[in-house]
Amino acid sequence: MTELNSVVNTTLLADDNQATISAMLDAILAKPLTPMEAKQAKTYMEQVATQAAGDEGTEVQLFQLMEMKNKHTTYVLRVALFSNNKAIGLDVMDAENGQFFVPESCPVVELQSPTVN
C-alpha cells in the first residue's frame with residue numbers, strides 16, 4: 001500500500017500535475033454527463049479505462065479517487081493512472097449530493113514525469 005501511495009503522490013498529486021488534472025475535470029464537466037448508480041459507474045468506467053489503456057499500448061497501474069473543487073462545487077473524480085505516465089478521467093461524483101455521473105468522453109492526459117529528490 002505504501003508503494004501505491006508513493007506512486008499517487010509522485011504522479012497524480014504532484015504539484016506539477018495539478019493543473020493538468022484540474023483541466024481534465026473541466027473537460028469532463030464541459031461535456032454531457034449521464035447520471036448512474038455508483039456501483040454501475042465504477043464497473044463501467046473501469047472497463048473504459050482498461051480499453052483506453054489497451055488502445056495506448058499500456059495497462060492501468062491503479063485507480064484513484066480525487067476530491068477536487070470546480071467553481072463552487074466539490075467533486076470526487078475517479079482517475080486511472082496508466083503505466084506509461086498518462087491518466088484518464090473517469091466518473092465524477094457531486095460531493096454535495098452523492099450523485100455519480102459518467103462522462104460522454106474521457107480525456108487521456110500526459111502527466112509530468114515523477115522526479116526523485
# chains A, B, ... in the order shown; residues from 1 in each chain; ligands from 1
>>> select_by_dssp(residues="range 1-116 of chain A", states="strand (DSSP E)", output="PDB file with C-alpha atoms, in the first residue's frame")
ATOM      1  CA  LEU A  33     -22.870  13.693 -18.200  1.00  0.00           C
ATOM      2  CA  THR A  34     -25.165  10.715 -17.604  1.00  0.00           C
ATOM      3  CA  PRO A  35     -26.329  10.010 -14.039  1.00  0.00           C
ATOM      4  CA  MET A  36     -25.557   6.446 -12.931  1.00  0.00           C
ATOM      5  CA  VAL A  60      -3.896   0.508 -15.841  1.00  0.00           C
ATOM      6  CA  GLN A  61      -1.485   0.871 -12.938  1.00  0.00           C
ATOM      7  CA  LEU A  62      -4.084   1.991 -10.392  1.00  0.00           C
ATOM      8  CA  PHE A  63      -7.403   3.724  -9.850  1.00  0.00           C
ATOM      9  CA  GLN A  64      -7.563   6.742  -7.569  1.00  0.00           C
ATOM     10  CA  LEU A  65     -10.377   8.907  -6.232  1.00  0.00           C
ATOM     11  CA  MET A  66      -9.507  12.590  -6.067  1.00  0.00           C
ATOM     12  CA  GLU A  67     -11.564  15.305  -4.358  1.00  0.00           C
ATOM     13  CA  MET A  68     -11.467  18.469  -6.437  1.00  0.00           C
ATOM     14  CA  LYS A  69     -13.203  21.818  -6.430  1.00  0.00           C
ATOM     15  CA  ASN A  70     -14.623  23.368  -9.573  1.00  0.00           C
ATOM     16  CA  THR A  73     -18.906  22.690  -6.210  1.00  0.00           C
ATOM     17  CA  THR A  74     -16.739  19.883  -4.888  1.00  0.00           C
ATOM     18  CA  TYR A  75     -16.422  16.725  -6.971  1.00  0.00           C
ATOM     19  CA  VAL A  76     -14.855  13.334  -6.461  1.00  0.00           C
ATOM     20  CA  LEU A  77     -13.170  12.266  -9.699  1.00  0.00           C
ATOM     21  CA  ARG A  78     -12.119   8.673 -10.362  1.00  0.00           C
ATOM     22  CA  VAL A  79      -8.848   8.659 -12.282  1.00  0.00           C
ATOM     23  CA  ALA A  80      -6.989   5.720 -13.793  1.00  0.00           C
ATOM     24  CA  LEU A  81      -3.212   6.024 -13.921  1.00  0.00           C
ATOM     25  CA  PHE A  82      -1.595   4.177 -16.807  1.00  0.00           C
ATOM     26  CA  LYS A  86      -0.735   9.031 -18.641  1.00  0.00           C
ATOM     27  CA  ALA A  87      -4.053   9.256 -16.850  1.00  0.00           C
ATOM     28  CA  ILE A  88      -7.701   9.124 -17.837  1.00  0.00           C
ATOM     29  CA  GLY A  89     -10.514  10.895 -16.055  1.00  0.00           C
ATOM     30  CA  LEU A  90     -13.462   8.608 -15.428  1.00  0.00           C
ATOM     31  CA  ASP A  91     -16.691   9.021 -13.474  1.00  0.00           C
ATOM     32  CA  VAL A  92     -17.466  12.040 -11.330  1.00  0.00           C
ATOM     33  CA  MET A  93     -19.442  12.291  -8.097  1.00  0.00           C
ATOM     34  CA  ASP A  94     -21.021  15.519  -6.937  1.00  0.00           C
ATOM     35  CA  PHE A 100     -22.427   9.817  -9.770  1.00  0.00           C
ATOM     36  CA  PHE A 101     -22.113  10.857 -13.391  1.00  0.00           C
ATOM     37  CA  VAL A 102     -20.491   9.145 -16.351  1.00  0.00           C
ATOM     38  CA  PRO A 103     -18.975  11.461 -18.985  1.00  0.00           C
ATOM     39  CA  VAL A 108      -6.448  10.952 -21.545  1.00  0.00           C
ATOM     40  CA  VAL A 109      -3.712  13.317 -20.402  1.00  0.00           C
ATOM     41  CA  GLU A 110       0.043  13.000 -20.193  1.00  0.00           C
TER      42      GLU A 110
END
>>> select_by_dssp(residues="chain A", states="helix (DSSP H, G or I)", output="PyMOL selection string")
chain A and resi 2-10+15-30+38-56
>>> closest_residue(among="A:Asn9, A:Asp16, A:Ala30, A:Glu3", to="Ser105 in chain A", atoms="only C-alpha atoms")
A:Ala30
>>> closest_residue(among="A:Pro107, A:Asn97, A:His72, A:Asp26", to="Ala53 in chain A", atoms="only C-alpha atoms")
A:Pro107
>>> residues_around(residues="Leu111 in chain A", least_positions_apart="3", cutoff="8 Å", atoms="only C-alpha atoms", output="list in words")
Thr11, Leu12, Asn17, Thr20, Asn85, Lys86 and Ala87 of chain A
